[in-house]
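Engineer: Got a file for you: query_32.pdb, PDB, C-alpha atoms and all ligand atoms.
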MODEL        1
ATOM      1  CA  MET V   1     125.622 102.969  74.318  1.00  0.00           C
ATOM      2  CA  ARG V   2     122.421 104.814  73.452  1.00  0.00           C
ATOM      3  CA  LYS V   3     120.044 105.314  76.368  1.00  0.00           C
ATOM      4  CA  ILE V   4     116.258 105.652  76.385  1.00  0.00           C
ATOM      5  CA  TRP V   5     114.118 106.649  79.328  1.00  0.00           C
ATOM      6  CA  PHE V   6     111.132 104.471  80.228  1.00  0.00           C
ATOM      7  CA  ALA V   7     108.642 106.114  82.586  1.00  0.00           C
ATOM      8  CA  THR V   8     107.117 103.267  84.570  1.00  0.00           C
ATOM      9  CA  SER V   9     106.628 102.291  88.184  1.00  0.00           C
ATOM     10  CA  ASN V  10     106.452  98.620  87.227  1.00  0.00           C
ATOM     11  CA  LYS V  11     109.778  96.750  87.611  1.00  0.00           C
ATOM     12  CA  GLY V  12     108.418  93.758  85.692  1.00  0.00           C
ATOM     13  CA  LYS V  13     107.721  95.868  82.609  1.00  0.00           C
ATOM     14  CA  LEU V  14     111.112  97.541  82.944  1.00  0.00           C
ATOM     15  CA  ILE V  15     113.045  94.261  83.032  1.00  0.00           C
ATOM     16  CA  GLU V  16     111.200  92.905  79.993  1.00  0.00           C
ATOM     17  CA  VAL V  17     111.830  96.024  77.897  1.00  0.00           C
ATOM     18  CA  GLN V  18     115.462  96.194  79.041  1.00  0.00           C
ATOM     19  CA  GLU V  19     115.987  92.596  77.868  1.00  0.00           C
ATOM     20  CA  ARG V  20     114.344  93.312  74.516  1.00  0.00           C
ATOM     21  CA  PHE V  21     116.295  96.505  73.829  1.00  0.00           C
ATOM     22  CA  SER V  22     119.597  95.013  75.000  1.00  0.00           C
ATOM     23  CA  HIS V  23     119.601  93.045  71.709  1.00  0.00           C
ATOM     24  CA  LEU V  24     119.613  96.412  69.925  1.00  0.00           C
ATOM     25  CA  GLY V  25     122.490  97.727  72.016  1.00  0.00           C
ATOM     26  CA  ILE V  26     120.219 100.181  73.796  1.00  0.00           C
ATOM     27  CA  GLU V  27     120.140 100.808  77.508  1.00  0.00           C
ATOM     28  CA  VAL V  28     116.689 101.388  78.974  1.00  0.00           C
ATOM     29  CA  GLU V  29     116.663 103.522  82.092  1.00  0.00           C
ATOM     30  CA  GLN V  30     113.716 103.764  84.460  1.00  0.00           C
ATOM     31  CA  LEU V  31     112.238 107.200  85.020  1.00  0.00           C
ATOM     32  CA  ILE V  32     110.108 107.468  88.127  1.00  0.00           C
ATOM     33  CA  ALA V  33     107.672 110.023  86.800  1.00  0.00           C
ATOM     34  CA  PRO V  34     104.056 109.383  87.696  1.00  0.00           C
ATOM     35  CA  TYR V  35     101.519 110.591  85.170  1.00  0.00           C
ATOM     36  CA  PRO V  36      97.746 110.732  85.592  1.00  0.00           C
ATOM     37  CA  GLU V  37      96.095 107.730  83.939  1.00  0.00           C
ATOM     38  CA  ILE V  38      92.907 109.212  82.512  1.00  0.00           C
ATOM     39  CA  GLN V  39      89.651 107.281  82.612  1.00  0.00           C
ATOM     40  CA  ALA V  40      89.652 106.190  78.993  1.00  0.00           C
ATOM     41  CA  ASP V  41      88.170 103.371  76.940  1.00  0.00           C
ATOM     42  CA  THR V  42      91.426 102.450  75.240  1.00  0.00           C
ATOM     43  CA  LEU V  43      95.068 101.926  76.129  1.00  0.00           C
ATOM     44  CA  ASP V  44      96.020 104.258  73.253  1.00  0.00           C
ATOM     45  CA  GLU V  45      94.227 107.208  74.828  1.00  0.00           C
ATOM     46  CA  VAL V  46      95.996 106.643  78.162  1.00  0.00           C
ATOM     47  CA  VAL V  47      99.376 106.511  76.401  1.00  0.00           C
ATOM     48  CA  GLU V  48      98.848 109.573  74.205  1.00  0.00           C
ATOM     49  CA  ASP V  49      97.646 111.614  77.157  1.00  0.00           C
ATOM     50  CA  GLY V  50     100.466 110.323  79.393  1.00  0.00           C
ATOM     51  CA  LEU V  51     103.168 111.164  76.854  1.00  0.00           C
ATOM     52  CA  LYS V  52     101.874 114.693  76.399  1.00  0.00           C
ATOM     53  CA  PHE V  53     101.720 115.209  80.154  1.00  0.00           C
ATOM     54  CA  LEU V  54     105.290 113.950  80.621  1.00  0.00           C
ATOM     55  CA  TRP V  55     106.555 116.077  77.706  1.00  0.00           C
ATOM     56  CA  LYS V  56     105.226 119.181  79.467  1.00  0.00           C
ATOM     57  CA  GLU V  57     106.922 118.108  82.709  1.00  0.00           C
ATOM     58  CA  TYR V  58     110.270 116.821  81.417  1.00  0.00           C
ATOM     59  CA  SER V  59     110.709 117.934  77.765  1.00  0.00           C
ATOM     60  CA  ARG V  60     112.803 114.895  76.980  1.00  0.00           C
ATOM     61  CA  PRO V  61     112.328 111.819  74.767  1.00  0.00           C
ATOM     62  CA  LEU V  62     110.850 108.912  76.713  1.00  0.00           C
ATOM     63  CA  MET V  63     108.710 105.793  76.451  1.00  0.00           C
ATOM     64  CA  ILE V  64     105.665 104.600  78.390  1.00  0.00           C
ATOM     65  CA  ASP V  65     103.552 101.424  78.351  1.00  0.00           C
ATOM     66  CA  ASP V  66      99.889 100.931  79.132  1.00  0.00           C
ATOM     67  CA  SER V  67      98.735  97.363  79.085  1.00  0.00           C
ATOM     68  CA  GLY V  68      96.031  95.059  80.328  1.00  0.00           C
ATOM     69  CA  LEU V  69      94.395  91.658  80.461  1.00  0.00           C
ATOM     70  CA  PHE V  70      91.147  91.244  78.503  1.00  0.00           C
ATOM     71  CA  LEU V  71      88.738  88.349  79.181  1.00  0.00           C
ATOM     72  CA  ASP V  72      87.089  87.563  75.861  1.00  0.00           C
ATOM     73  CA  ASP V  73      83.781  86.342  77.329  1.00  0.00           C
ATOM     74  CA  ARG V  74      83.489  89.208  79.787  1.00  0.00           C
ATOM     75  CA  GLU V  75      83.508  92.075  77.328  1.00  0.00           C
ATOM     76  CA  GLY V  76      87.212  92.610  77.796  1.00  0.00           C
ATOM     77  CA  PHE V  77      87.126  93.067  81.580  1.00  0.00           C
ATOM     78  CA  PRO V  78      89.424  94.102  83.317  1.00  0.00           C
ATOM     79  CA  GLY V  79      91.084  95.765  80.268  1.00  0.00           C
ATOM     80  CA  VAL V  80      92.017  99.362  80.991  1.00  0.00           C
ATOM     81  CA  TYR V  81      91.228  98.705  84.667  1.00  0.00           C
ATOM     82  CA  SER V  82      93.746  95.861  84.976  1.00  0.00           C
ATOM     83  CA  ALA V  83      96.062  97.586  87.450  1.00  0.00           C
ATOM     84  CA  TYR V  84      93.124  98.431  89.741  1.00  0.00           C
ATOM     85  CA  VAL V  85      91.669  94.912  89.510  1.00  0.00           C
ATOM     86  CA  LEU V  86      95.024  93.279  90.189  1.00  0.00           C
ATOM     87  CA  HIS V  87      95.444  95.529  93.218  1.00  0.00           C
ATOM     88  CA  THR V  88      91.951  94.894  94.605  1.00  0.00           C
ATOM     89  CA  LEU V  89      91.012  91.345  93.518  1.00  0.00           C
ATOM     90  CA  GLY V  90      94.344  89.854  92.524  1.00  0.00           C
ATOM     91  CA  CYS V  91      94.794  86.790  90.314  1.00  0.00           C
ATOM     92  CA  GLN V  92      92.657  84.762  92.714  1.00  0.00           C
ATOM     93  CA  GLY V  93      89.788  87.219  92.236  1.00  0.00           C
ATOM     94  CA  ILE V  94      89.849  86.574  88.477  1.00  0.00           C
ATOM     95  CA  LEU V  95      89.910  82.810  89.092  1.00  0.00           C
ATOM     96  CA  ASP V  96      86.950  83.115  91.502  1.00  0.00           C
ATOM     97  CA  LEU V  97      85.009  85.183  88.986  1.00  0.00           C
ATOM     98  CA  MET V  98      85.592  82.529  86.330  1.00  0.00           C
ATOM     99  CA  HIS V  99      85.262  79.452  88.546  1.00  0.00           C
ATOM    100  CA  SER V 100      82.441  77.910  86.485  1.00  0.00           C
ATOM    101  CA  ASP V 101      83.477  79.296  83.086  1.00  0.00           C
ATOM    102  CA  THR V 102      84.328  76.768  80.416  1.00  0.00           C
ATOM    103  CA  GLU V 103      85.184  79.496  77.876  1.00  0.00           C
ATOM    104  CA  ARG V 104      88.438  80.840  79.282  1.00  0.00           C
ATOM    105  CA  GLN V 105      89.890  82.697  76.289  1.00  0.00           C
ATOM    106  CA  ALA V 106      91.733  85.914  77.096  1.00  0.00           C
ATOM    107  CA  HIS V 107      94.366  88.182  75.667  1.00  0.00           C
ATOM    108  CA  PHE V 108      96.922  90.695  76.807  1.00  0.00           C
ATOM    109  CA  LYS V 109      97.348  93.966  74.965  1.00  0.00           C
ATOM    110  CA  CYS V 110     100.170  96.459  75.259  1.00  0.00           C
ATOM    111  CA  CYS V 111     100.276  99.956  73.900  1.00  0.00           C
ATOM    112  CA  ALA V 112     103.838 101.301  73.836  1.00  0.00           C
ATOM    113  CA  GLY V 113     104.424 104.990  73.248  1.00  0.00           C
ATOM    114  CA  TYR V 114     107.467 107.133  72.538  1.00  0.00           C
ATOM    115  CA  ILE V 115     107.739 110.893  72.418  1.00  0.00           C
ATOM    116  CA  ASP V 116     110.760 112.001  70.411  1.00  0.00           C
ATOM    117  CA  GLU V 117     113.135 114.988  70.616  1.00  0.00           C
ATOM    118  CA  SER V 118     110.646 117.145  68.711  1.00  0.00           C
ATOM    119  CA  GLY V 119     107.656 116.166  70.818  1.00  0.00           C
ATOM    120  CA  ASN V 120     106.177 113.852  68.160  1.00  0.00           C
ATOM    121  CA  VAL V 121     104.210 110.901  69.508  1.00  0.00           C
ATOM    122  CA  HIS V 122     104.797 107.359  68.170  1.00  0.00           C
ATOM    123  CA  ILE V 123     102.488 104.507  69.184  1.00  0.00           C
ATOM    124  CA  ALA V 124     102.866 100.746  68.673  1.00  0.00           C
ATOM    125  CA  ARG V 125     100.590  97.926  69.784  1.00  0.00           C
ATOM    126  CA  GLY V 126     101.104  94.277  70.624  1.00  0.00           C
ATOM    127  CA  ARG V 127      98.765  91.448  71.559  1.00  0.00           C
ATOM    128  CA  VAL V 128      99.041  87.843  72.692  1.00  0.00           C
ATOM    129  CA  ASP V 129      96.099  85.438  72.788  1.00  0.00           C
ATOM    130  CA  GLY V 130      95.680  82.668  75.316  1.00  0.00           C
ATOM    131  CA  SER V 131      93.499  81.429  78.148  1.00  0.00           C
ATOM    132  CA  ILE V 132      93.066  81.703  81.891  1.00  0.00           C
ATOM    133  CA  SER V 133      94.344  78.707  83.851  1.00  0.00           C
ATOM    134  CA  LYS V 134      92.311  76.994  86.588  1.00  0.00           C
ATOM    135  CA  GLU V 135      94.788  77.903  89.309  1.00  0.00           C
ATOM    136  CA  GLU V 136      97.777  80.164  89.926  1.00  0.00           C
ATOM    137  CA  ARG V 137     101.077  78.638  88.828  1.00  0.00           C
ATOM    138  CA  GLY V 138     104.729  79.564  88.561  1.00  0.00           C
ATOM    139  CA  THR V 139     106.991  82.080  90.205  1.00  0.00           C
ATOM    140  CA  THR V 140     108.393  84.322  87.456  1.00  0.00           C
ATOM    141  CA  GLY V 141     107.054  87.513  85.920  1.00  0.00           C
ATOM    142  CA  PHE V 142     104.492  89.786  87.528  1.00  0.00           C
ATOM    143  CA  GLY V 143     100.834  90.789  87.573  1.00  0.00           C
ATOM    144  CA  PHE V 144      98.528  88.263  85.922  1.00  0.00           C
ATOM    145  CA  ASP V 145     101.398  86.054  84.704  1.00  0.00           C
ATOM    146  CA  PRO V 146     100.473  83.201  87.141  1.00  0.00           C
ATOM    147  CA  ILE V 147      97.083  82.708  85.430  1.00  0.00           C
ATOM    148  CA  PHE V 148      97.742  83.474  81.731  1.00  0.00           C
ATOM    149  CA  MET V 149      98.586  80.611  79.385  1.00  0.00           C
ATOM    150  CA  PRO V 150      99.585  81.753  75.896  1.00  0.00           C
ATOM    151  CA  GLU V 151      98.037  79.884  72.973  1.00  0.00           C
ATOM    152  CA  GLY V 152      99.930  76.754  71.941  1.00  0.00           C
ATOM    153  CA  HIS V 153     101.666  76.414  75.314  1.00  0.00           C
ATOM    154  CA  ALA V 154     100.949  74.239  78.346  1.00  0.00           C
ATOM    155  CA  ARG V 155     102.641  76.649  80.756  1.00  0.00           C
ATOM    156  CA  VAL V 156     101.500  80.013  82.095  1.00  0.00           C
ATOM    157  CA  PHE V 157     103.770  83.058  81.685  1.00  0.00           C
ATOM    158  CA  ALA V 158     104.901  82.742  85.325  1.00  0.00           C
ATOM    159  CA  GLU V 159     106.335  79.307  84.491  1.00  0.00           C
ATOM    160  CA  MET V 160     108.497  80.747  81.692  1.00  0.00           C
ATOM    161  CA  THR V 161     111.835  82.501  81.722  1.00  0.00           C
ATOM    162  CA  LEU V 162     112.011  86.188  80.860  1.00  0.00           C
ATOM    163  CA  GLU V 163     113.453  85.305  77.450  1.00  0.00           C
ATOM    164  CA  GLU V 164     110.673  82.792  76.728  1.00  0.00           C
ATOM    165  CA  LYS V 165     107.931  85.265  77.634  1.00  0.00           C
ATOM    166  CA  ASN V 166     109.673  87.936  75.596  1.00  0.00           C
ATOM    167  CA  LYS V 167     109.562  85.760  72.485  1.00  0.00           C
ATOM    168  CA  MET V 168     105.778  85.981  72.366  1.00  0.00           C
ATOM    169  CA  SER V 169     104.432  88.642  74.694  1.00  0.00           C
ATOM    170  CA  HIS V 170     102.199  91.582  73.909  1.00  0.00           C
ATOM    171  CA  ARG V 171     104.906  93.847  75.324  1.00  0.00           C
ATOM    172  CA  SER V 172     107.802  92.541  73.249  1.00  0.00           C
ATOM    173  CA  ARG V 173     105.627  92.738  70.126  1.00  0.00           C
ATOM    174  CA  ALA V 174     104.685  96.345  70.853  1.00  0.00           C
ATOM    175  CA  PHE V 175     108.209  97.457  71.786  1.00  0.00           C
ATOM    176  CA  ASP V 176     109.795  95.682  68.816  1.00  0.00           C
ATOM    177  CA  LYS V 177     107.484  97.704  66.575  1.00  0.00           C
ATOM    178  CA  LEU V 178     108.221 100.873  68.513  1.00  0.00           C
ATOM    179  CA  ALA V 179     111.966 100.279  68.123  1.00  0.00           C
ATOM    180  CA  GLY V 180     111.406  99.941  64.366  1.00  0.00           C
ATOM    181  CA  MET V 181     109.597 103.284  64.333  1.00  0.00           C
ATOM    182  CA  MET V 182     112.479 104.859  66.225  1.00  0.00           C
ATOM    183  CA  GLU V 183     114.857 103.528  63.573  1.00  0.00           C
ATOM    184  CA  LEU V 184     116.864 101.812  66.263  1.00  0.00           C
ATOM    185  CA  LYS V 185     117.057  98.380  64.719  1.00  0.00           C
ATOM    186  CA  LYS V 186     120.518  97.490  63.527  1.00  0.00           C
ATOM    187  CA  ASP V 187     119.427  95.168  60.704  1.00  0.00           C
TER     188      ASP V 187
HETATM  189  P1  LIG B   1     102.976 101.853  84.981  1.00  0.00           P
HETATM  190  O1  LIG B   1     103.686 102.640  86.030  1.00  0.00           O
HETATM  191  O2  LIG B   1     103.859 101.531  83.801  1.00  0.00           O
HETATM  192  O3  LIG B   1     101.653 102.449  84.552  1.00  0.00           O
HETATM  193  P2  LIG B   1     101.312  99.705  86.045  1.00  0.00           P
HETATM  194  O4  LIG B   1     101.664  98.433  86.756  1.00  0.00           O
HETATM  195  O5  LIG B   1     100.399 100.670  86.746  1.00  0.00           O
HETATM  196  O6  LIG B   1     102.692 100.409  85.649  1.00  0.00           O
HETATM  197  P3  LIG B   1      99.392  99.592  83.823  1.00  0.00           P
HETATM  198  O7  LIG B   1      98.754 100.857  84.276  1.00  0.00           O
HETATM  199  O8  LIG B   1      99.749  99.447  82.373  1.00  0.00           O
HETATM  200  O9  LIG B   1     100.745  99.296  84.628  1.00  0.00           O
HETATM  201  O10 LIG B   1      98.463  98.409  84.280  1.00  0.00           O
HETATM  202  C1  LIG B   1      98.496  97.193  83.642  1.00  0.00           C
HETATM  203  C2  LIG B   1      98.334  96.077  84.644  1.00  0.00           C
HETATM  204  O11 LIG B   1      98.089  94.901  83.845  1.00  0.00           O
HETATM  205  C3  LIG B   1      99.616  95.840  85.409  1.00  0.00           C
HETATM  206  O12 LIG B   1      99.537  96.339  86.701  1.00  0.00           O
HETATM  207  C4  LIG B   1      99.705  94.333  85.454  1.00  0.00           C
HETATM  208  O13 LIG B   1      99.069  93.924  86.605  1.00  0.00           O
HETATM  209  C5  LIG B   1      98.907  93.849  84.262  1.00  0.00           C
HETATM  210  N1  LIG B   1      99.831  93.442  83.219  1.00  0.00           N
HETATM  211  C6  LIG B   1     100.253  94.178  82.137  1.00  0.00           C
HETATM  212  N2  LIG B   1     101.147  93.493  81.428  1.00  0.00           N
HETATM  213  C7  LIG B   1     101.298  92.312  82.065  1.00  0.00           C
HETATM  214  C8  LIG B   1     102.105  91.197  81.828  1.00  0.00           C
HETATM  215  O14 LIG B   1     102.981  91.155  80.836  1.00  0.00           O
HETATM  216  N3  LIG B   1     102.003  90.174  82.660  1.00  0.00           N
HETATM  217  C9  LIG B   1     101.153  90.191  83.704  1.00  0.00           C
HETATM  218  N4  LIG B   1     100.370  91.212  84.004  1.00  0.00           N
HETATM  219  C10 LIG B   1     100.449  92.277  83.201  1.00  0.00           C
ENDMDL
END
Re-express the file's structure as structure tokens.
Structural biologist:
Amino acid sequence: MRKIWFATSNKGKLIEVQERFSHLGIEVEQLIAPYPEIQADTLDEVVEDGLKFLWKEYSRPLMIDDSGLFLDDREGFPGVYSAYVLHTLGCQGILDLMHSDTERQAHFKCCAGYIDESGNVHIARGRVDGSISKEERGTTGFGFDPIFMPEGHARVFAEMTLEEKNKMSHRSRAFDKLAGMMELKKD
């Protein structure tokens, strides 16, 4: 079975990408390899910089993922600062911030990157639109999953199974595209 390294500290991301790639007959192995996340305006910049850093350190093909939650009526906050905001304010902090908001539209974005055997960078993006719930719900997933309700659904991500989330998530969309770029798809 072909194996691909995924440099991430986030078990939730790892499990989702493993599930997605298992359909392609590819094993995704976690690489614990911290890379500096530059202060950048876009997820793409963080990924490109991260891949180049890791290539210098490890000189091996690998994937990374930078993602975030963007509140449409708050200029995309927390966006590239999602990990920091989750760590400091948590889901409840986002709910408190939005307690009187009637416009609750939000989206998740994922930028997935792969550096190949020759050191060439490949980038793919995925997005899912939805809204922020009024309270935390559910027990599955990770991060902001308890407060994000994808469009057309009455449940938040944390009330869905891994497979259900993976049918529509920003991450599965990005990594499906990335797999296509890697010419890994069987069909
Ligand atoms: P890495 O080691 O892969 O960088 P991380 O958790 O630090 O893991 P990011 O820097 O990409 O990840 O930060 C994105 C944050 O956005 C992450 O910590 C989650 O809290 C949140 N997030 C991203 N995708 C999510 C998803 O599918 N569901 C819920 N929250 C998500």
Engineer: Written as a list in words, what is the full residue list that the PyMOL selection byres (((chain V and resi 93) around 12) and not hetatm) yields on the file shown?
Structural biologist: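 Selection result, ordered by chain and number: Pro78, Ser82, Tyr84, Val85, Leu86, His87, Thr88, Leu89, Gly90, Cys91, Gln92, Ile94, Leu95, Asp96, Leu97, Met98, His99, Lys134, Glu135, Glu136, Phe144 and Ile147 of chain V.
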Engineer: Using all atoms listed in the file for the distances, tell me which of V:Ala154, V:Leu24, V:Val46, V:Ile4 is nearest to Arg60 of chain V.
Structural biologist: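 Of V:Ala154, V:Leu24, V:Val46, V:Ile4, the one nearest Arg60 of chain V, counting all atoms listed in the file, is V:Ile4.
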Engineer: For ligand LIG 1 (chain B), list the contacting residues at 6 Å or closer, counting only C-alpha atoms and all ligand atoms, as an MDAnalysis selection string.
Structural biologist: chainID V and resid 8:10 65:69 82:83 86 142:145
Engineer: Any idea what's packed within 10 Å of Ser118 of chain V, counting only C-alpha atoms, ignoring anything in its chain fewer than 2 positions away? Could you give it as JSON, numbers by chain?
Structural biologist: {"V": [55, 59, 60, 61, 115, 116, 120, 121]}
Engineer: Just the number, please: distance in Å from atom CA of Leu71 of chain V to atom CA of Lys167 of chain V, one decimal.
Structural biologist: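 Atom CA of Lys167 of chain V lies at a distance of 22.0 Å from atom CA of Leu71 of chain V.
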